[in-house]
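Student: Contents of work-v8.cif (mmCIF, C-alpha atoms) are below:
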data_entry
loop_
_atom_site.label_atom_id
_atom_site.label_comp_id
_atom_site.auth_asym_id
_atom_site.auth_seq_id
_atom_site.Cartn_x
_atom_site.Cartn_y
_atom_site.Cartn_z
CA MET D 1 13.92 78.14 69.23
CA ILE D 2 13.18 78.26 72.91
CA THR D 3 10.31 79.92 74.77
CA GLN D 4 10.48 81.28 78.28
CA MET D 5 8.02 79.55 80.58
CA ARG D 6 6.70 80.26 84.05
CA VAL D 7 5.54 77.80 86.64
CA LYS D 8 1.81 78.44 86.81
CA GLY D 9 0.84 75.79 89.27
CA LEU D 10 1.03 72.37 90.72
CA ILE D 11 -1.96 70.02 90.38
CA PHE D 12 -2.49 66.66 92.03
CA ASP D 13 -3.34 63.91 89.57
CA PRO D 14 -5.35 61.36 91.56
CA TYR D 15 -5.48 58.87 88.65
CA ASN D 16 -1.72 58.51 88.45
CA ASN D 17 -1.02 59.42 92.08
CA ALA D 18 1.40 62.02 90.79
CA TYR D 19 1.62 65.77 90.44
CA ILE D 20 1.55 67.93 87.36
CA VAL D 21 3.77 70.99 87.12
CA VAL D 22 2.05 73.38 84.72
CA LEU D 23 4.35 75.66 82.74
CA ARG D 24 2.96 78.46 80.61
CA ASP D 25 4.60 80.98 78.33
CA GLU D 26 4.34 84.71 78.85
CA ASP D 27 1.21 85.32 76.73
CA ASN D 28 -0.46 82.08 77.83
CA ALA D 29 -0.40 80.72 74.29
CA ASP D 30 1.57 77.59 75.10
CA MET D 31 1.27 75.24 77.99
CA LEU D 32 3.55 72.41 79.05
CA PRO D 33 2.35 69.96 81.71
CA ILE D 34 5.07 67.84 83.32
CA TRP D 35 4.22 64.86 85.51
CA VAL D 36 6.49 64.54 88.55
CA GLY D 37 6.63 62.42 91.71
CA LYS D 38 5.50 63.48 95.15
CA SER D 39 8.90 64.50 96.57
CA GLU D 40 9.80 66.37 93.36
CA ALA D 41 6.48 68.21 93.56
CA SER D 42 7.13 69.12 97.17
CA ALA D 43 10.57 70.54 96.24
CA ILE D 44 8.89 72.71 93.59
CA GLY D 45 5.92 73.61 95.83
CA LEU D 46 8.15 74.88 98.65
CA ALA D 47 9.97 77.13 96.18
CA ILE D 48 6.71 78.46 94.65
CA GLU D 49 5.43 79.34 98.11
CA ASN D 50 8.81 80.74 99.18
CA VAL D 51 8.85 78.46 102.18
CA THR D 52 12.20 77.99 103.86
CA ALA D 53 12.49 74.66 105.59
CA PRO D 54 14.27 74.60 108.97
CA ARG D 55 16.92 72.30 107.49
CA PRO D 56 18.19 72.61 103.90
CA MET D 57 16.16 70.50 101.49
CA THR D 58 17.96 68.69 98.65
CA HIS D 59 17.64 71.60 96.20
CA ASP D 60 18.70 74.10 98.86
CA LEU D 61 21.82 71.96 99.22
CA MET D 62 22.25 72.04 95.43
CA LYS D 63 22.05 75.84 95.54
CA SER D 64 24.50 76.16 98.43
CA PHE D 65 26.88 73.81 96.60
CA LEU D 66 26.89 76.18 93.61
CA ASP D 67 26.96 79.32 95.81
CA VAL D 68 30.01 78.23 97.78
CA PHE D 69 32.00 77.94 94.54
CA ASP D 70 30.46 81.08 92.99
CA ALA D 71 28.87 79.04 90.22
CA LYS D 72 25.69 80.58 88.82
CA VAL D 73 22.65 79.05 87.17
CA ILE D 74 22.06 81.12 84.01
CA SER D 75 19.01 79.25 82.79
CA VAL D 76 17.37 75.86 82.58
CA VAL D 77 15.87 74.44 79.39
CA ILE D 78 13.35 71.63 78.99
CA THR D 79 14.92 70.19 75.87
CA ASP D 80 13.28 66.98 74.83
CA LEU D 81 10.48 64.53 75.32
CA ASN D 82 10.86 60.83 74.56
CA ASP D 83 8.47 58.08 75.63
CA ASN D 84 6.87 60.41 78.17
CA THR D 85 10.27 61.19 79.72
CA TYR D 86 11.32 64.81 79.70
CA TYR D 87 14.91 65.94 79.45
CA ALA D 88 16.35 69.19 80.74
CA LYS D 89 19.63 71.03 80.72
CA ILE D 90 20.98 73.31 83.43
CA HIS D 91 23.29 76.05 82.15
CA LEU D 92 25.95 77.20 84.62
CA THR D 93 28.73 79.73 84.62
CA TYR D 94 31.78 79.06 86.73
CA GLU D 95 35.08 80.93 86.52
CA ASP D 96 34.28 82.46 83.11
CA SER D 97 33.33 79.14 81.58
CA GLU D 98 29.91 77.81 80.73
CA TYR D 99 28.77 74.32 81.60
CA THR D 100 25.69 72.39 80.56
CA VAL D 101 24.50 69.69 82.92
CA ASP D 102 21.92 67.01 82.06
CA SER D 103 19.05 66.76 84.54
CA ARG D 104 15.43 65.79 85.05
CA PRO D 105 13.05 68.73 84.51
CA SER D 106 11.85 68.48 88.13
CA ASP D 107 15.38 69.10 89.47
CA ALA D 108 15.99 71.84 86.90
CA ILE D 109 12.74 73.64 87.80
CA ALA D 110 13.24 73.28 91.57
CA LEU D 111 16.74 74.73 91.21
CA ALA D 112 15.69 77.53 88.82
CA LEU D 113 12.99 78.71 91.24
CA ARG D 114 15.54 78.88 94.07
CA THR D 115 18.16 80.70 92.04
CA ASN D 116 15.74 83.01 90.17
CA ALA D 117 16.99 81.61 86.87
CA PRO D 118 14.68 81.68 83.84
CA ILE D 119 13.03 78.47 82.65
CA PHE D 120 12.81 77.79 78.92
CA ALA D 121 11.24 75.04 76.85
CA SER D 122 12.33 74.11 73.37
CA GLU D 123 9.74 74.52 70.66
CA SER D 124 9.85 70.85 69.73
CA VAL D 125 8.85 69.85 73.26
CA ILE D 126 5.91 72.24 73.29
CA LYS D 127 4.80 70.94 69.90
CA LYS D 128 5.15 67.30 70.87
CA GLN D 129 3.29 67.81 74.09
CA SER D 130 0.19 69.48 72.81
CA SER D 131 -1.98 70.38 75.73
CA ASP D 132 -4.70 67.98 74.52
CA GLU D 133 -3.64 65.47 77.08
CA LEU D 134 -3.99 67.87 79.97
CA GLU D 135 -7.28 69.30 78.74
CA GLN D 136 -8.70 65.83 78.44
CA TRP D 137 -7.47 65.08 81.92
CA LEU D 138 -8.95 68.31 83.30
CA GLU D 139 -12.33 67.46 81.75
CA ASN D 140 -12.42 64.18 83.61
CA LEU D 141 -11.52 65.82 86.87
CA LYS D 142 -14.18 65.89 89.54
CA PRO D 143 -14.59 68.89 91.88
CA GLU D 144 -13.61 66.83 94.91
CA ASP D 145 -10.21 66.06 93.40
CA PHE D 146 -9.11 69.63 93.98
CA GLY D 147 -9.24 69.26 97.75
CA LYS D 148 -6.51 66.68 97.62
CA LEU D 149 -3.74 69.23 97.12
CA ASP D 150 -3.29 69.46 100.85
CA SER D 151 -2.83 65.77 101.47
CA MET X 1 43.04 65.66 92.74
CA THR X 2 42.94 62.71 95.10
CA PRO X 3 40.32 62.92 97.82
CA VAL X 4 41.83 63.24 101.25
CA ASN X 5 40.32 61.34 104.12
CA PRO X 6 40.44 63.01 107.50
CA GLU X 7 43.31 62.01 109.76
CA PRO X 8 42.32 58.98 111.79
CA SER X 9 40.85 60.68 114.78
CA ALA X 10 39.36 59.62 118.04
CA ALA X 11 36.56 62.10 117.43
CA LEU X 12 35.23 60.49 114.23
CA VAL X 13 33.99 56.97 113.57
CA GLU X 14 33.55 55.70 110.02
CA VAL X 15 30.18 54.05 109.47
CA LYS X 16 28.47 52.26 106.60
CA VAL X 17 24.81 52.07 105.70
CA LYS X 18 23.74 48.56 106.70
CA GLN X 19 20.10 48.74 105.77
CA VAL X 20 17.11 50.96 105.22
CA LEU X 21 14.09 49.77 107.20
CA GLU X 22 10.44 50.67 106.84
CA ASP X 23 8.72 52.35 109.73
CA SER X 24 5.17 51.53 108.73
CA ASN X 25 3.67 53.64 111.53
CA THR X 26 5.00 56.97 110.44
CA ASP X 27 5.63 56.77 106.67
CA THR X 28 9.32 57.26 107.42
CA LYS X 29 12.33 55.05 106.89
CA ILE X 30 15.11 54.17 109.29
CA VAL X 31 18.65 54.27 107.96
CA VAL X 32 20.80 51.93 110.05
CA LEU X 33 24.45 52.94 110.24
CA LYS X 34 27.09 50.63 111.71
CA ASN X 35 30.80 50.97 112.29
CA GLU X 36 33.23 48.44 110.83
CA ASP X 37 33.21 45.89 113.64
CA GLY X 38 29.48 46.32 114.20
CA SER X 39 29.91 47.44 117.81
CA GLU X 40 28.22 50.81 117.23
CA THR X 41 24.80 51.24 115.63
CA LEU X 42 23.13 54.52 114.82
CA PRO X 43 19.54 54.53 113.54
CA ILE X 44 18.42 57.70 111.76
CA TRP X 45 14.81 58.44 110.83
CA VAL X 46 14.43 59.99 107.41
CA GLY X 47 11.51 60.78 105.12
CA ALA X 48 10.15 58.14 102.74
CA SER X 49 11.65 59.67 99.60
CA GLU X 50 14.99 60.39 101.32
CA GLY X 51 15.10 56.74 102.44
CA GLN X 52 14.30 55.65 98.91
CA ALA X 53 17.17 57.76 97.51
CA ILE X 54 19.56 56.11 99.99
CA ARG X 55 18.27 52.64 99.16
CA LEU X 56 18.73 53.24 95.42
CA ALA X 57 22.25 54.52 96.05
CA MET X 58 23.04 51.45 98.22
CA ASP X 59 21.94 49.10 95.47
CA HIS X 60 24.03 51.09 92.97
CA ALA X 61 20.84 51.26 90.97
CA VAL X 62 21.33 53.21 87.78
CA SER X 63 18.18 55.13 87.00
CA PRO X 64 17.46 56.04 83.38
CA ARG X 65 17.53 59.74 84.31
CA PRO X 66 19.87 61.34 86.88
CA MET X 67 18.33 61.53 90.37
CA SER X 68 18.86 64.66 92.50
CA HIS X 69 22.03 63.38 94.16
CA ASP X 70 23.42 62.26 90.79
CA LEU X 71 22.90 65.84 89.68
CA ILE X 72 24.90 67.22 92.63
CA ARG X 73 27.66 64.74 91.79
CA SER X 74 27.49 65.86 88.19
CA PHE X 75 27.89 69.50 89.29
CA ALA X 76 30.96 68.40 91.25
CA ASP X 77 32.40 66.65 88.18
CA HIS X 78 31.80 69.65 85.92
CA LEU X 79 33.28 72.17 88.38
CA GLU X 80 36.14 69.80 89.26
CA VAL X 81 35.09 69.76 92.87
CA THR X 82 36.01 66.68 94.89
CA ILE X 83 33.49 65.31 97.36
CA GLN X 84 35.79 64.18 100.17
CA HIS X 85 33.58 62.76 102.87
CA VAL X 86 30.51 63.54 104.95
CA VAL X 87 30.19 63.84 108.72
CA LEU X 88 27.10 63.49 110.92
CA THR X 89 28.02 66.22 113.34
CA ASP X 90 25.25 66.97 115.77
CA VAL X 91 21.88 66.00 117.10
CA LYS X 92 19.51 68.51 118.67
CA SER X 93 16.00 67.57 119.73
CA SER X 94 16.01 64.51 117.45
CA THR X 95 17.18 66.54 114.43
CA TYR X 96 20.49 65.41 113.02
CA TYR X 97 22.98 67.73 111.36
CA ALA X 98 25.59 66.82 108.79
CA THR X 99 28.38 68.46 106.85
CA ILE X 100 29.63 67.67 103.37
CA HIS X 101 33.34 68.25 102.89
CA LEU X 102 34.41 69.41 99.45
CA ALA X 103 37.72 70.41 97.95
CA SER X 104 38.48 72.43 94.86
CA LYS X 105 41.94 73.53 93.74
CA GLY X 106 43.37 73.03 97.20
CA VAL X 107 40.59 74.93 98.95
CA ASP X 108 38.35 73.06 101.36
CA ARG X 109 34.68 73.93 101.71
CA THR X 110 32.06 72.59 104.06
CA LEU X 111 28.32 72.55 103.37
CA ASP X 112 25.55 72.22 105.94
CA ALA X 113 23.17 69.38 104.98
CA ARG X 114 20.56 67.01 106.29
CA PRO X 115 22.07 63.59 107.05
CA SER X 116 19.81 61.99 104.42
CA ASP X 117 21.30 64.18 101.66
CA ALA X 118 24.83 63.74 103.01
CA ILE X 119 24.48 59.94 103.11
CA ALA X 120 22.84 59.70 99.66
CA LEU X 121 25.58 61.87 98.18
CA ALA X 122 28.40 59.92 99.89
CA LEU X 123 26.99 56.64 98.55
CA ARG X 124 26.59 58.06 95.01
CA ALA X 125 30.15 59.39 95.08
CA THR X 126 31.51 56.31 96.94
CA ARG X 127 33.02 58.48 99.66
CA PRO X 128 33.23 57.66 103.39
CA ILE X 129 30.59 58.55 106.00
CA TYR X 130 31.74 59.56 109.51
CA VAL X 131 29.86 60.11 112.73
CA THR X 132 31.26 62.13 115.61
CA ARG X 133 31.79 60.20 118.87
CA ASP X 134 29.69 62.85 120.49
CA VAL X 135 26.63 62.00 118.33
CA LEU X 136 27.14 58.28 118.95
CA SER X 137 27.27 58.77 122.69
CA ARG X 138 24.20 60.99 122.77
CA ARG X 139 22.19 58.56 120.68
CA THR X 140 21.98 56.15 123.58
CA ALA X 141 20.33 58.69 125.82
CA ALA X 142 17.98 60.71 123.63
CA ASN X 143 17.14 58.53 120.69
CA LEU X 144 16.70 55.12 122.17
CA ASP X 145 13.73 56.59 124.00
CA ALA X 146 12.19 57.63 120.70
CA TRP X 147 12.99 54.20 119.27
CA VAL X 148 11.38 52.41 122.18
CA ALA X 149 8.35 54.71 122.07
CA LYS X 150 7.84 53.84 118.42
CA LEU X 151 8.20 50.13 119.07
CA GLU X 152 5.65 50.33 121.83
CA THR X 153 3.18 52.08 119.56
CA LYS X 154 3.70 49.30 117.05
CA ASN X 155 3.03 46.61 119.63
CA ILE X 156 -0.17 48.24 120.76
CA GLU X 157 -1.45 48.48 117.22
CA THR X 158 -0.77 44.88 116.25
#
Kindly present the structure from the file in structure tokens form.
Tutor:
Amino acid sequence: MITQMRVKGLIFDPYNNAYIVVLRDEDNADMLPIWVGKSEASAIGLAIENVTAPRPMTHDLMKSFLDVFDAKVISVVITDLNDNTYYAKIHLTYEDSEYTVDSRPSDAIALALRTNAPIFASESVIKKQSSDELEQWLENLKPEDFGKLDS
Amino acid sequence: MTPVNPEPSAALVEVKVKQVLEDSNTDTKIVVLKNEDGSETLPIWVGASEGQAIRLAMDHAVSPRPMSHDLIRSFADHLEVTIQHVVLTDVKSSTYYATIHLASKGVDRTLDARPSDAIALALRATRPIYVTRDVLSRRTAANLDAWVAKLETKNIET
């Protein structure tokens, strides 16, 4: 079973000096927080805000690579979680064949947002990553931490 | 399909990444490219994470999960696309331009890219990096000034 997720936001985590990509399902019943590095967050943030950089960023290059060969991203799936490492698969069609490519969730999400491909998460991942961790983290968050998004 | 290197040409110079230096003033990194006999040097300023990707690729570091340029290489493998080589083609107001040359089933394609992506991808795919003579010759004029300006800032601060 997989559930379609949307990127709801990007939060700075000052304790881990990292960013959290927050995915939520359609009816807001399930949430999946994914910790990513600064450059990965920026690749996702630019796509959320629909910002086009003057020169192609890495995921724009990825998209133009696929475009030039008429390969299409059908969907991306966050498939597994092991020792706090998430796994994702990118599903492609190219010349009537389907391909599945292993990737980090941050790359998969950054690419999905640029190609308007749906993002899914497997049920086991959502179960494993109960949102307890994020809620706990949000409780500890001080108001001044929110200003740091711009930095 | 065997990758095809461009015909030896007076217009292109093959370079290798010699080192990635820290530029502590600006949170950027400097990728130092040199030709085979070391007579030509081209420094390129890239972002911190771009520099890190190039450094990892230089060290042939295998990360537990595929990094972004590994993913592009993996797309190439799946689609049976050959990454042939990359070329640093132009420099305009301190912005460098690069192209990535690909081949699939006898058809050549060229992608526009930032030099940092082109270099990281070439290193990951162990393919050659070329610089046009034109870029090398213009470096001396435009970019040495920037280089010197940065060094001067550094001296003042220390």
Student: Tell me, as JSON, numbers by chain, which residues lie within 8 Å of Val86 in chain X, counting all atoms listed in the file; anything in the same chain fewer than 3 positions away does not count.
Tutor: {"X": [98, 99, 100, 101, 118, 119, 122, 127, 128, 129, 130]}
Student: Might you pull out every residue within 9 Å of range 48-60 of chain D, with only C-alpha atoms counted and same-chain residues fewer than 3 positions away left off, and present them as a count of residues only?
Tutor: 20
Student: List the residues matched by the PyMOL selection byres ((chain X) within 12 of (chain D)) in the displayed structure as a short mmCIF file (atom, residue, chain, number, x, y, z; two decimals) with C-alpha atoms, in the frame of the given file, ordered by chain and then by residue number.
Tutor:
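This is the output file out04.cif:
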data_model
loop_
_atom_site.label_atom_id
_atom_site.label_comp_id
_atom_site.auth_asym_id
_atom_site.auth_seq_id
_atom_site.Cartn_x
_atom_site.Cartn_y
_atom_site.Cartn_z
CA GLY X 47 11.51 60.78 105.12
CA ALA X 48 10.15 58.14 102.74
CA SER X 49 11.65 59.67 99.60
CA GLU X 50 14.99 60.39 101.32
CA GLY X 51 15.10 56.74 102.44
CA GLN X 52 14.30 55.65 98.91
CA ALA X 53 17.17 57.76 97.51
CA SER X 63 18.18 55.13 87.00
CA PRO X 64 17.46 56.04 83.38
CA ARG X 65 17.53 59.74 84.31
CA PRO X 66 19.87 61.34 86.88
CA MET X 67 18.33 61.53 90.37
CA SER X 68 18.86 64.66 92.50
CA HIS X 69 22.03 63.38 94.16
CA ASP X 70 23.42 62.26 90.79
CA LEU X 71 22.90 65.84 89.68
CA ILE X 72 24.90 67.22 92.63
CA ARG X 73 27.66 64.74 91.79
CA SER X 74 27.49 65.86 88.19
CA PHE X 75 27.89 69.50 89.29
CA ALA X 76 30.96 68.40 91.25
CA ASP X 77 32.40 66.65 88.18
CA HIS X 78 31.80 69.65 85.92
CA LEU X 79 33.28 72.17 88.38
CA GLU X 80 36.14 69.80 89.26
CA VAL X 81 35.09 69.76 92.87
CA THR X 82 36.01 66.68 94.89
CA ILE X 83 33.49 65.31 97.36
CA THR X 95 17.18 66.54 114.43
CA TYR X 96 20.49 65.41 113.02
CA TYR X 97 22.98 67.73 111.36
CA ALA X 98 25.59 66.82 108.79
CA THR X 99 28.38 68.46 106.85
CA ILE X 100 29.63 67.67 103.37
CA HIS X 101 33.34 68.25 102.89
CA LEU X 102 34.41 69.41 99.45
CA ALA X 103 37.72 70.41 97.95
CA SER X 104 38.48 72.43 94.86
CA LYS X 105 41.94 73.53 93.74
CA VAL X 107 40.59 74.93 98.95
CA ASP X 108 38.35 73.06 101.36
CA ARG X 109 34.68 73.93 101.71
CA THR X 110 32.06 72.59 104.06
CA LEU X 111 28.32 72.55 103.37
CA ASP X 112 25.55 72.22 105.94
CA ALA X 113 23.17 69.38 104.98
CA ARG X 114 20.56 67.01 106.29
CA PRO X 115 22.07 63.59 107.05
CA SER X 116 19.81 61.99 104.42
CA ASP X 117 21.30 64.18 101.66
CA ALA X 118 24.83 63.74 103.01
CA ILE X 119 24.48 59.94 103.11
CA ALA X 120 22.84 59.70 99.66
CA LEU X 121 25.58 61.87 98.18
#
Student: Would you work out the distance separating CA of Gln84 in chain X from CA of Leu136 in chain X, expressed in Å to one decimal?
Tutor: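 Between CA of Gln84 in chain X and CA of Leu136 in chain X the gap is 21.5 Å.
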Student: Which residues would end up in the selection if the PyMOL selection byres ((chain D and resi 10) around 6) were applied here, given that I need the answer as a ChimeraX atom specification?
Tutor: /D:9,11,20-21
Student: Set the distance at 12 Å and use only C-alpha atoms: which residues neighbour Asp37 in chain X once local chain neighbours fewer than 5 positions away are removed? I'd like the list as a PDB file with C-alpha atoms, keeping the file's coordinate frame.
Tutor:
ATOM      1  CA  VAL X  13      33.990  56.970 113.570  1.00  0.00           C
ATOM      2  CA  GLU X  14      33.550  55.700 110.020  1.00  0.00           C
ATOM      3  CA  VAL X  15      30.180  54.050 109.470  1.00  0.00           C
ATOM      4  CA  LYS X  16      28.470  52.260 106.600  1.00  0.00           C
TER       5      LYS X  16
END
Student: Quick one, how far is CA of Ile74 in chain D from CA of Val22 in chain D?
Tutor: 21.5 Å
Student: Hey, can you check how far CA of Asp80 in chain D sits from CA of Ile34 in chain D?
Tutor: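 The value is 11.8 Å.
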Student: Which residue out of D:Glu123, D:Asp96, D:Asp25, D:Asp30 has the minimum interatomic distance to Ile78 in chain D when all atoms listed in the file are used?
Tutor: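 Among the listed residues, the smallest separation from Ile78 in chain D belongs to D:Glu123.
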Student: If the PyMOL selection byres ((chain D and resi 117-120) around 6) is run on the structure shown, which residues does it catch, given as a list in words?
Tutor: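 Taken on the displayed file, the PyMOL selection byres ((chain D and resi 117-120) around 6) yields the residues Thr3, Gln4, Met5, Ile74, Ser75, Val76, Val77, Ala112, Thr115, Asn116 and Ala121 of chain D.
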Student: Write the residues of the preceding selection, restricted to C-alpha atoms, as a PDB file, in the coordinates of the input.
Tutor:
ATOM      1  CA  THR D   3      10.310  79.920  74.770  1.00  0.00           C
ATOM      2  CA  GLN D   4      10.480  81.280  78.280  1.00  0.00           C
ATOM      3  CA  MET D   5       8.020  79.550  80.580  1.00  0.00           C
ATOM      4  CA  ILE D  74      22.060  81.120  84.010  1.00  0.00           C
ATOM      5  CA  SER D  75      19.010  79.250  82.790  1.00  0.00           C
ATOM      6  CA  VAL D  76      17.370  75.860  82.580  1.00  0.00           C
ATOM      7  CA  VAL D  77      15.870  74.440  79.390  1.00  0.00           C
ATOM      8  CA  ALA D 112      15.690  77.530  88.820  1.00  0.00           C
ATOM      9  CA  THR D 115      18.160  80.700  92.040  1.00  0.00           C
ATOM     10  CA  ASN D 116      15.740  83.010  90.170  1.00  0.00           C
ATOM     11  CA  ALA D 121      11.240  75.040  76.850  1.00  0.00           C
TER      12      ALA D 121
END
Student: Which residue out of D:Lys127, D:Lys72, D:His91, D:Lys8 has the minimum interatomic distance to Arg24 in chain D when only C-alpha atoms are used?
Tutor: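 Counting only C-alpha atoms, the residue closest to Arg24 in chain D is D:Lys8.
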Student: List as a count of residues only the protein and nucleic acid residues near Ala11 in chain X, meaning an atom at most 10 Å away when all atoms listed in the file are counted, but skip any in the same chain fewer than 4 places from it.
Tutor: 6
Student: Tell me which of D:Ala18, D:Leu32, D:Leu23, D:Leu46 sits closest to Ile126 in chain D, counting only C-alpha atoms.
Tutor: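 Looking only at the distances to Ile126 in chain D, the closest residue turns out to be D:Leu32.
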